[in-house]
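Quick notes on the structure that follows.
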Amino acid sequence: MKRYSVFAVAREGLRHHLGWERAWRSPAPQKRYDTIIVGAGGHGLATAYYLGRNHGIRNVAIIEKGWLGGGNTGRNTTIIRSNYLQDPSAAIYEKARSLYETLSQELNYNVMFSPRGLLMLAQTQHEIRGYKRTAQANALQGVATEWIEPARVKELVPIINIGGPRYPVLGALYQARGGTARHDAVAWGYARACSDMGMDIIQNCEVTGVTQANGRVTGVQTTKGDIGCDRLGLVVAGHSGVLANMAGFRLPIESIALQALVSEPIKPCLDVVVMANTVHGYISQSDKGEMVIGGGTDGFNNYTQRGSFHHVEETVRALCETFPMVSRLRMLRQWGGIVDMTGDRSPLISRTPLGGCFINCGWGTGGFKAIPGSGWAMAELMAKGEPGPLAEAFNMWRFREGQFIDESVAAGVAH
Ligand SMILES: Cc1cc2nc3c(=O)[nH]c(=O)nc-3n(C[C@H](O)[C@H](O)[C@H](O)COP(=O)(O)OP(=O)(O)OC[C@H]3O[C@@H](n4cnc5c(N)ncnc54)[C@H](O)[C@@H]3O)c2cc1C
């Protein structure tokens with residue numbers, strides 16, 4: 001693969017840009033691979049990448065029923081933070097955040113990581129207590145966050161109304177190195193690097209069955225034929241229950257649509273990310289100038305990847321008191337993605353009852369930020385057959401044993 005660089009841009013400029021090669025190959029599937037990953041979202045691609053990079057496992061296929069990055073990875077609002085409450089969560093999200101810091105250089109692909117700072121507003125007494133507690137926990141975990149007072153919030157976010165009648169801003173949990181990255185670019189960057197290592201990314205190929213013998217996985221059935229493998233990773237977010245069913249086990253997961261919307265582009269007015277969990281909305285400004293606004297999940301389980309009008313109304317109404325300028329914005333488009341929710345709002349990176357079959361899911365409404373750390377941990381699990389320190393706590397049996405990793409305080413609105 002030719003490296004992207006300023007010299008390459010100059011060279012191609014002189015050649016009328018006719019010399020760029022395709023970023024990844026689109027091969028036909030082989031009969032057999034050492035390892036198959038189902039799902040070419042960020043987590044699946046990152047898993048494949050770290051399998052090759054960290055463990056030298058390169059005979060890998062990543063099978064995707066649509067186009068790569070077309071699931072939640074290309075539908076999220078791109079918030080990156082690691083200010084979680086529990087130790088295992090802080091460890092994996094901080095690992096991911098720190099990998100994001102140099103991901104563009106690592107992949108030789110600009111993922112536009114923008115650590116512009118992230119605020120989680122406290123708008124009730126309960127939230128003040130919760131976020132101060134998280135700030136203390138983060139200090140012990142080595143995650144750099146701080147509690148800030150309303151005047152500092154106003155300094156960082158001039159467009160905010162801190163004196164709202166119902167929900168005044170009482171302070172915030174601030175993570176200065178939190179921020180955003182370009183979601184598609186994260187998928188594309190990993191895909192390019194995987195393809196360069198000789199891995200096959202097979203798009204428009206749906207996995208329809210999991211084959212097994214003597215309690216071990218032997219391969220998958222797909223719309224492009226049967227493919228054999230020794231190791232299988234299921235990394236399909238909102239479809240995890242469906243794939244687990246094919247493999248013959250049940251997961252403690254619910255699938256629900258989560259929605260977001262963007263406004264028309266406006267001049268720069270917000271250079272941090274703000275989450276307002278009590279009124280249930282969050283907002284940042286994209287490089288194009290659009291205000292990126294996230295709302296909540298649908299009130300019922302479903303598999304629909306689309307938006308609905310009442311969510312726009314509810315989310316915008318919720319934000320208007322805290323961000324009065326939102327009332328004057330025209331909204332451009334809205335969409336939905338199917339997220340996979342566990343009861344404790346923490347993910348699963350786990351072996352499964354089927355030998356050689358591993359699962360990575362349950363990132364719910366907030367897994368974009370975790371992609372590099374999750375891929376790192378899942379690759380270690382798949383390569384060694386045993387979880388490393390990052391994945392250990394996230395096994396699927398914790399619900400049977402009552403060892404929850406309760407993140408519903410930090411992650412009530414998880415993004
Ligand atoms: C509206 C919205 C806003 C969000 N905001 C944020 C945020 O701000 N910050 C944050 O950290 N997270 C956010 N998230 C969550 C985040 O997007 C997800 O947790 C993350 O992208 C999950 O990545 P993934 O790779 O596991 O899943 P996906 O990207 O969904 O990838 C799974 C892939 O599996 C494929 N697949 C499914 N079934 C099959 C099959 N049978 N055969 C082959 N392929 C199959 C799908 O087509 C899909 O491409 C948001 C999500 C949504 C929907």
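By convention in this document, the chains of the structure tokens carry letters A, B, ... by their order, each chain's residues are numbered from 1, and ligands are numbered from 1 in the order they are shown.
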Find the residues near segment 106-111 of chain A: any atom within 8 Å, counting only C-alpha atoms, skip ones fewer than 6 places away on the same chain, and give them as a PDB file with N, CA and C atoms, in the first residue's frame.
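Listing of part-v5.pdb after writing:
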```
ATOM      1  N   ARG A   3       1.873   4.905   0.912  1.00  0.00           N
ATOM      2  CA  ARG A   3       1.539   5.745   2.068  1.00  0.00           C
ATOM      3  C   ARG A   3       0.917   7.054   1.623  1.00  0.00           C
ATOM      4  N   TYR A   4      -0.031   7.542   2.428  1.00  0.00           N
ATOM      5  CA  TYR A   4      -0.559   8.880   2.198  1.00  0.00           C
ATOM      6  C   TYR A   4       0.409   9.874   2.840  1.00  0.00           C
ATOM      7  N   ALA A 181     -14.208  12.334  16.781  1.00  0.00           N
ATOM      8  CA  ALA A 181     -13.379  11.925  15.621  1.00  0.00           C
ATOM      9  C   ALA A 181     -14.356  11.709  14.481  1.00  0.00           C
ATOM     10  N   ARG A 182     -13.832  11.624  13.279  1.00  0.00           N
ATOM     11  CA  ARG A 182     -14.709  11.390  12.121  1.00  0.00           C
ATOM     12  C   ARG A 182     -15.043   9.896  12.062  1.00  0.00           C
ATOM     13  N   HIS A 183     -16.346   9.570  12.251  1.00  0.00           N
ATOM     14  CA  HIS A 183     -16.697   8.153  12.400  1.00  0.00           C
ATOM     15  C   HIS A 183     -16.362   7.288  11.187  1.00  0.00           C
ATOM     16  N   ALA A 185     -14.189   7.757   8.927  1.00  0.00           N
ATOM     17  CA  ALA A 185     -12.735   7.658   8.727  1.00  0.00           C
ATOM     18  C   ALA A 185     -12.128   6.601   9.644  1.00  0.00           C
ATOM     19  N   VAL A 186     -12.709   6.427  10.829  1.00  0.00           N
ATOM     20  CA  VAL A 186     -12.195   5.399  11.742  1.00  0.00           C
ATOM     21  C   VAL A 186     -12.377   4.017  11.090  1.00  0.00           C
ATOM     22  N   GLY A 189     -10.095   3.850   7.896  1.00  0.00           N
ATOM     23  CA  GLY A 189      -8.672   3.747   8.250  1.00  0.00           C
ATOM     24  C   GLY A 189      -8.322   2.323   8.677  1.00  0.00           C
ATOM     25  N   TYR A 190      -9.149   1.739   9.541  1.00  0.00           N
ATOM     26  CA  TYR A 190      -8.889   0.351   9.954  1.00  0.00           C
ATOM     27  C   TYR A 190      -9.032  -0.595   8.759  1.00  0.00           C
ATOM     28  N   ALA A 193      -5.987  -0.522   6.579  1.00  0.00           N
ATOM     29  CA  ALA A 193      -4.839  -1.185   7.205  1.00  0.00           C
ATOM     30  C   ALA A 193      -5.033  -2.706   7.213  1.00  0.00           C
TER      31      ALA A 193
END
```
Report task. Return as JSON, numbers by chain the residues of protein, DNA or RNA that approach ligand 1 to within 7 Å, with only C-alpha atoms and all ligand atoms taken into account. Result -> {"A": [38, 39, 40, 41, 42, 43, 44, 63, 64, 65, 66, 67, 68, 69, 70, 71, 72, 73, 74, 75, 76, 77, 78, 79, 80, 205, 206, 207, 208, 235, 236, 237, 238, 239, 243, 257, 258, 259, 260, 294, 335, 336, 337, 338, 339, 361, 363, 364, 365, 366, 367, 368, 369, 370, 415]}
Selection above as a file: C-alpha atoms, as a CSV table (one decimal), in the first residue's frame:
```
chain,number,residue,atom,x,y,z
A,38,VAL,CA,-18.7,-11.0,11.4
A,39,GLY,CA,-19.5,-7.3,11.2
A,40,ALA,CA,-17.3,-4.6,9.5
A,41,GLY,CA,-18.2,-1.9,11.9
A,42,GLY,CA,-15.5,-0.1,13.9
A,43,HIS,CA,-15.3,-2.8,16.5
A,44,GLY,CA,-15.0,-5.7,14.0
A,63,ILE,CA,-17.8,-10.4,6.6
A,64,GLU,CA,-20.3,-7.6,6.3
A,65,LYS,CA,-23.9,-7.8,5.2
A,66,GLY,CA,-24.0,-4.3,4.0
A,67,TRP,CA,-21.2,-1.8,3.4
A,68,LEU,CA,-18.4,-1.4,5.9
A,69,GLY,CA,-19.1,1.2,8.5
A,70,GLY,CA,-22.7,1.4,7.4
A,71,GLY,CA,-24.1,0.3,10.8
A,72,ASN,CA,-23.9,2.3,14.0
A,73,THR,CA,-20.3,3.2,13.3
A,74,GLY,CA,-21.4,5.5,10.5
A,75,ARG,CA,-24.5,6.7,12.4
A,76,ASN,CA,-23.2,7.9,15.7
A,77,THR,CA,-22.6,11.4,17.0
A,78,THR,CA,-18.8,10.6,17.5
A,79,ILE,CA,-18.4,11.6,21.1
A,80,ILE,CA,-15.2,10.3,22.7
A,205,CYS,CA,-22.4,-10.8,2.3
A,206,GLU,CA,-24.8,-11.7,5.1
A,207,VAL,CA,-24.0,-14.5,7.6
A,208,THR,CA,-27.1,-16.7,7.8
A,235,VAL,CA,-19.2,-8.2,16.3
A,236,VAL,CA,-22.5,-7.1,15.0
A,237,ALA,CA,-23.9,-4.6,17.6
A,238,GLY,CA,-27.7,-4.5,17.3
A,239,HIS,CA,-27.8,-7.9,15.6
A,243,LEU,CA,-26.1,-14.1,15.5
A,257,ALA,CA,-33.1,2.2,17.8
A,258,LEU,CA,-31.2,5.3,18.9
A,259,GLN,CA,-31.7,8.5,17.0
A,260,ALA,CA,-29.8,11.6,16.2
A,294,GLY,CA,-28.2,13.3,19.9
A,335,TRP,CA,-31.5,9.0,11.4
A,336,GLY,CA,-31.4,6.0,13.7
A,337,GLY,CA,-29.1,3.0,14.4
A,338,ILE,CA,-29.8,-0.2,16.3
A,339,VAL,CA,-27.9,-0.3,19.5
A,361,CYS,CA,-21.3,-6.4,21.8
A,363,TRP,CA,-21.7,-1.1,23.6
A,364,GLY,CA,-25.2,0.3,23.5
A,365,THR,CA,-25.4,4.0,22.9
A,366,GLY,CA,-21.7,4.7,23.5
A,367,GLY,CA,-19.4,2.3,21.7
A,368,PHE,CA,-17.8,4.6,19.1
A,369,LYS,CA,-15.4,6.0,21.6
A,370,ALA,CA,-14.4,2.5,22.6
A,415,HIS,CA,-22.6,8.5,23.9
```
Report task. Using backbone DSSP assignments, extract all alpha helix (DSSP H) residues from segment 62-224 of chain A; output them as an MDAnalysis selection string. Result -> chainID A and resid 87:101 103:107 125:141 150:156 183:196
Query - Surrounding residues of segment 20-36 of chain A excluding itself and chain neighbours under 2 positions, 7 Å, only C-alpha atoms, as an NGL selection string - result: :A and (17-18 or 38 or 59-62 or 191-192 or 195 or 200-202 or 227-233)
Query raised in the report: Looking at A:Asp340, A:Asp87, A:Glu401, A:Asp271, which one is nearest to Pro252 of chain A, with distances taken over only C-alpha atoms?
Result: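 Comparing A:Asp340, A:Asp87, A:Glu401, A:Asp271 against Pro252 of chain A, the winner is A:Asp340.
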**Report entry** Test item: residues at most 10 Å from Leu329 of chain A, only C-alpha atoms, excluding those fewer than 6 positions along its chain, as a PyMOL selection string
**Finding:** chain A and resi 262-266+290-291+316
Write a file of the selected residues as a PDB file, in the first residue's frame, keeping C-alpha atoms.
```pdb
ATOM      1  CA  VAL A 262     -28.141  17.569  12.529  1.00  0.00           C
ATOM      2  CA  SER A 263     -29.027  21.167  11.853  1.00  0.00           C
ATOM      3  CA  GLU A 264     -28.184  23.349   8.905  1.00  0.00           C
ATOM      4  CA  PRO A 265     -24.525  24.489   8.973  1.00  0.00           C
ATOM      5  CA  ILE A 266     -23.898  27.707  10.885  1.00  0.00           C
ATOM      6  CA  GLU A 290     -23.795  21.568  11.477  1.00  0.00           C
ATOM      7  CA  MET A 291     -24.959  21.241  15.062  1.00  0.00           C
ATOM      8  CA  VAL A 316     -35.004  19.905  20.411  1.00  0.00           C
TER       9      VAL A 316
END
```
Report task. Find the spatial neighbours of Ala144 of chain A, counting only C-alpha atoms, within a cut-off of 10 Å - ignore same-chain residues fewer than 2 positions away - and output them as a PyMOL selection string. Result -> chain A and resi 82-83+94+135+138-142+146+174-178
Give me, as a PDB file with C-alpha atoms, in the first residue's frame, the residues of segment 137-342 of chain A that a backbone DSSP run labels strand (DSSP E).
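Resulting contents of states33.pdb:
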```
ATOM      1  CA  GLU A 146     -12.424  17.674  36.852  1.00  0.00           C
ATOM      2  CA  TRP A 147     -15.529  19.133  38.412  1.00  0.00           C
ATOM      3  CA  ILE A 148     -16.078  22.730  37.236  1.00  0.00           C
ATOM      4  CA  GLY A 171     -21.629  22.747  37.247  1.00  0.00           C
ATOM      5  CA  ALA A 172     -20.145  20.070  35.024  1.00  0.00           C
ATOM      6  CA  LEU A 173     -17.815  17.111  34.835  1.00  0.00           C
ATOM      7  CA  TYR A 174     -15.134  18.261  32.383  1.00  0.00           C
ATOM      8  CA  GLN A 175     -12.745  16.078  30.411  1.00  0.00           C
ATOM      9  CA  GLY A 179     -13.907  15.194  22.032  1.00  0.00           C
ATOM     10  CA  THR A 180     -14.831  13.713  18.675  1.00  0.00           C
ATOM     11  CA  ASP A 200     -10.250 -10.018   3.155  1.00  0.00           C
ATOM     12  CA  ILE A 201     -13.110  -7.589   3.747  1.00  0.00           C
ATOM     13  CA  ILE A 202     -16.177  -9.159   2.169  1.00  0.00           C
ATOM     14  CA  VAL A 207     -23.999 -14.465   7.588  1.00  0.00           C
ATOM     15  CA  THR A 208     -27.092 -16.671   7.772  1.00  0.00           C
ATOM     16  CA  GLY A 209     -25.861 -19.535   9.940  1.00  0.00           C
ATOM     17  CA  VAL A 210     -23.040 -20.739  12.182  1.00  0.00           C
ATOM     18  CA  THR A 211     -21.793 -24.283  11.610  1.00  0.00           C
ATOM     19  CA  GLN A 212     -20.347 -26.363  14.429  1.00  0.00           C
ATOM     20  CA  ALA A 213     -19.109 -29.845  15.301  1.00  0.00           C
ATOM     21  CA  ARG A 216     -16.723 -26.037  18.387  1.00  0.00           C
ATOM     22  CA  VAL A 217     -17.359 -23.603  15.603  1.00  0.00           C
ATOM     23  CA  THR A 218     -16.384 -24.817  12.129  1.00  0.00           C
ATOM     24  CA  GLY A 219     -17.509 -21.923   9.965  1.00  0.00           C
ATOM     25  CA  VAL A 220     -20.368 -19.765   8.770  1.00  0.00           C
ATOM     26  CA  GLN A 221     -23.065 -20.006   6.133  1.00  0.00           C
ATOM     27  CA  THR A 222     -23.373 -16.843   4.089  1.00  0.00           C
ATOM     28  CA  GLY A 225     -21.579 -19.668   0.286  1.00  0.00           C
ATOM     29  CA  ASP A 226     -20.148 -21.577   3.243  1.00  0.00           C
ATOM     30  CA  ILE A 227     -16.821 -20.408   4.685  1.00  0.00           C
ATOM     31  CA  GLY A 228     -14.799 -22.440   7.175  1.00  0.00           C
ATOM     32  CA  CYS A 229     -12.839 -21.089  10.142  1.00  0.00           C
ATOM     33  CA  ASP A 230     -11.174 -22.097  13.417  1.00  0.00           C
ATOM     34  CA  ARG A 231     -12.109 -18.941  15.294  1.00  0.00           C
ATOM     35  CA  LEU A 232     -15.207 -16.805  14.934  1.00  0.00           C
ATOM     36  CA  GLY A 233     -15.788 -13.309  16.315  1.00  0.00           C
ATOM     37  CA  LEU A 234     -19.349 -11.985  16.373  1.00  0.00           C
ATOM     38  CA  GLU A 254     -31.930  -5.870  23.999  1.00  0.00           C
ATOM     39  CA  SER A 255     -31.887  -4.167  20.592  1.00  0.00           C
ATOM     40  CA  ILE A 256     -33.334  -0.663  20.387  1.00  0.00           C
ATOM     41  CA  ALA A 257     -33.134   2.151  17.848  1.00  0.00           C
ATOM     42  CA  LEU A 258     -31.218   5.263  18.946  1.00  0.00           C
ATOM     43  CA  GLN A 259     -31.708   8.505  17.045  1.00  0.00           C
ATOM     44  CA  ALA A 260     -29.770  11.646  16.209  1.00  0.00           C
ATOM     45  CA  LEU A 261     -30.152  14.693  13.979  1.00  0.00           C
ATOM     46  CA  VAL A 262     -28.141  17.569  12.529  1.00  0.00           C
ATOM     47  CA  SER A 263     -29.027  21.167  11.853  1.00  0.00           C
ATOM     48  CA  GLU A 264     -28.184  23.349   8.905  1.00  0.00           C
ATOM     49  CA  PRO A 265     -24.525  24.489   8.973  1.00  0.00           C
ATOM     50  CA  VAL A 273     -18.939  18.804  23.247  1.00  0.00           C
ATOM     51  CA  VAL A 274     -21.785  19.254  25.726  1.00  0.00           C
ATOM     52  CA  MET A 275     -23.947  16.510  27.163  1.00  0.00           C
ATOM     53  CA  ALA A 276     -27.061  17.473  29.112  1.00  0.00           C
ATOM     54  CA  GLY A 281     -29.792  15.832  24.724  1.00  0.00           C
ATOM     55  CA  TYR A 282     -26.226  16.457  23.683  1.00  0.00           C
ATOM     56  CA  ILE A 283     -24.692  18.744  21.178  1.00  0.00           C
ATOM     57  CA  SER A 284     -21.466  19.487  19.317  1.00  0.00           C
ATOM     58  CA  GLN A 285     -20.592  21.351  16.144  1.00  0.00           C
ATOM     59  CA  GLU A 290     -23.795  21.568  11.477  1.00  0.00           C
ATOM     60  CA  MET A 291     -24.959  21.241  15.062  1.00  0.00           C
ATOM     61  CA  VAL A 292     -24.871  17.494  15.763  1.00  0.00           C
ATOM     62  CA  ILE A 293     -27.632  16.658  18.214  1.00  0.00           C
ATOM     63  CA  GLY A 294     -28.243  13.336  19.876  1.00  0.00           C
ATOM     64  CA  GLY A 295     -31.403  12.189  21.531  1.00  0.00           C
ATOM     65  CA  GLY A 296     -32.593   9.066  23.247  1.00  0.00           C
ATOM     66  CA  THR A 297     -33.551   5.530  22.424  1.00  0.00           C
ATOM     67  CA  MET A 331     -32.895  20.766  11.140  1.00  0.00           C
ATOM     68  CA  LEU A 332     -31.453  19.085   8.061  1.00  0.00           C
ATOM     69  CA  ARG A 333     -31.692  15.359   8.622  1.00  0.00           C
ATOM     70  CA  GLN A 334     -32.236  12.666  11.218  1.00  0.00           C
ATOM     71  CA  TRP A 335     -31.473   8.958  11.398  1.00  0.00           C
ATOM     72  CA  GLY A 336     -31.382   5.963  13.690  1.00  0.00           C
ATOM     73  CA  GLY A 337     -29.128   3.003  14.440  1.00  0.00           C
ATOM     74  CA  ILE A 338     -29.829  -0.250  16.269  1.00  0.00           C
ATOM     75  CA  VAL A 339     -27.943  -0.328  19.543  1.00  0.00           C
ATOM     76  CA  ASP A 340     -27.367  -3.354  21.748  1.00  0.00           C
ATOM     77  CA  MET A 341     -28.108  -2.698  25.417  1.00  0.00           C
TER      78      MET A 341
END
```
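Proximity ranking of A:Asn204, A:Gln403, A:Asn395, A:Gln123 relative to Ala377 of chain A places A:Asn395 first, based on only C-alpha atoms.
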**Report entry** Among listed residues A:Arg351, A:Lys267, A:His311, A:Arg345, nearest Tyr84 of chain A (using only C-alpha atoms)
**Finding:**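 Once distances to Tyr84 of chain A are computed over only C-alpha atoms, the minimum belongs to A:Arg345.
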Query - Residue with smallest distance to Pro389 of chain A - pool A:Arg133, A:His55, A:His126, A:Lys95, counting only C-alpha atoms - result: A:Lys95
Query raised in the report: Counting only C-alpha atoms, which of A:Phe300, A:Phe394, A:Tyr167, A:Phe113 gets nearest to His280 of chain A?
Result: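 Using only C-alpha atoms, His280 of chain A sits closest to A:Tyr167.
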Query - Length of the atom CA of Arg116 of chain A to atom CA of Leu156 of chain A vector [Å] - result: 10.6 Å
Query raised in the report: With only C-alpha atoms as the basis for distance, which of A:Gly362, A:Gly356, A:Gly289, A:Gly215 is at the shortest distance from Ser240 of chain A?
Result: A:Gly362
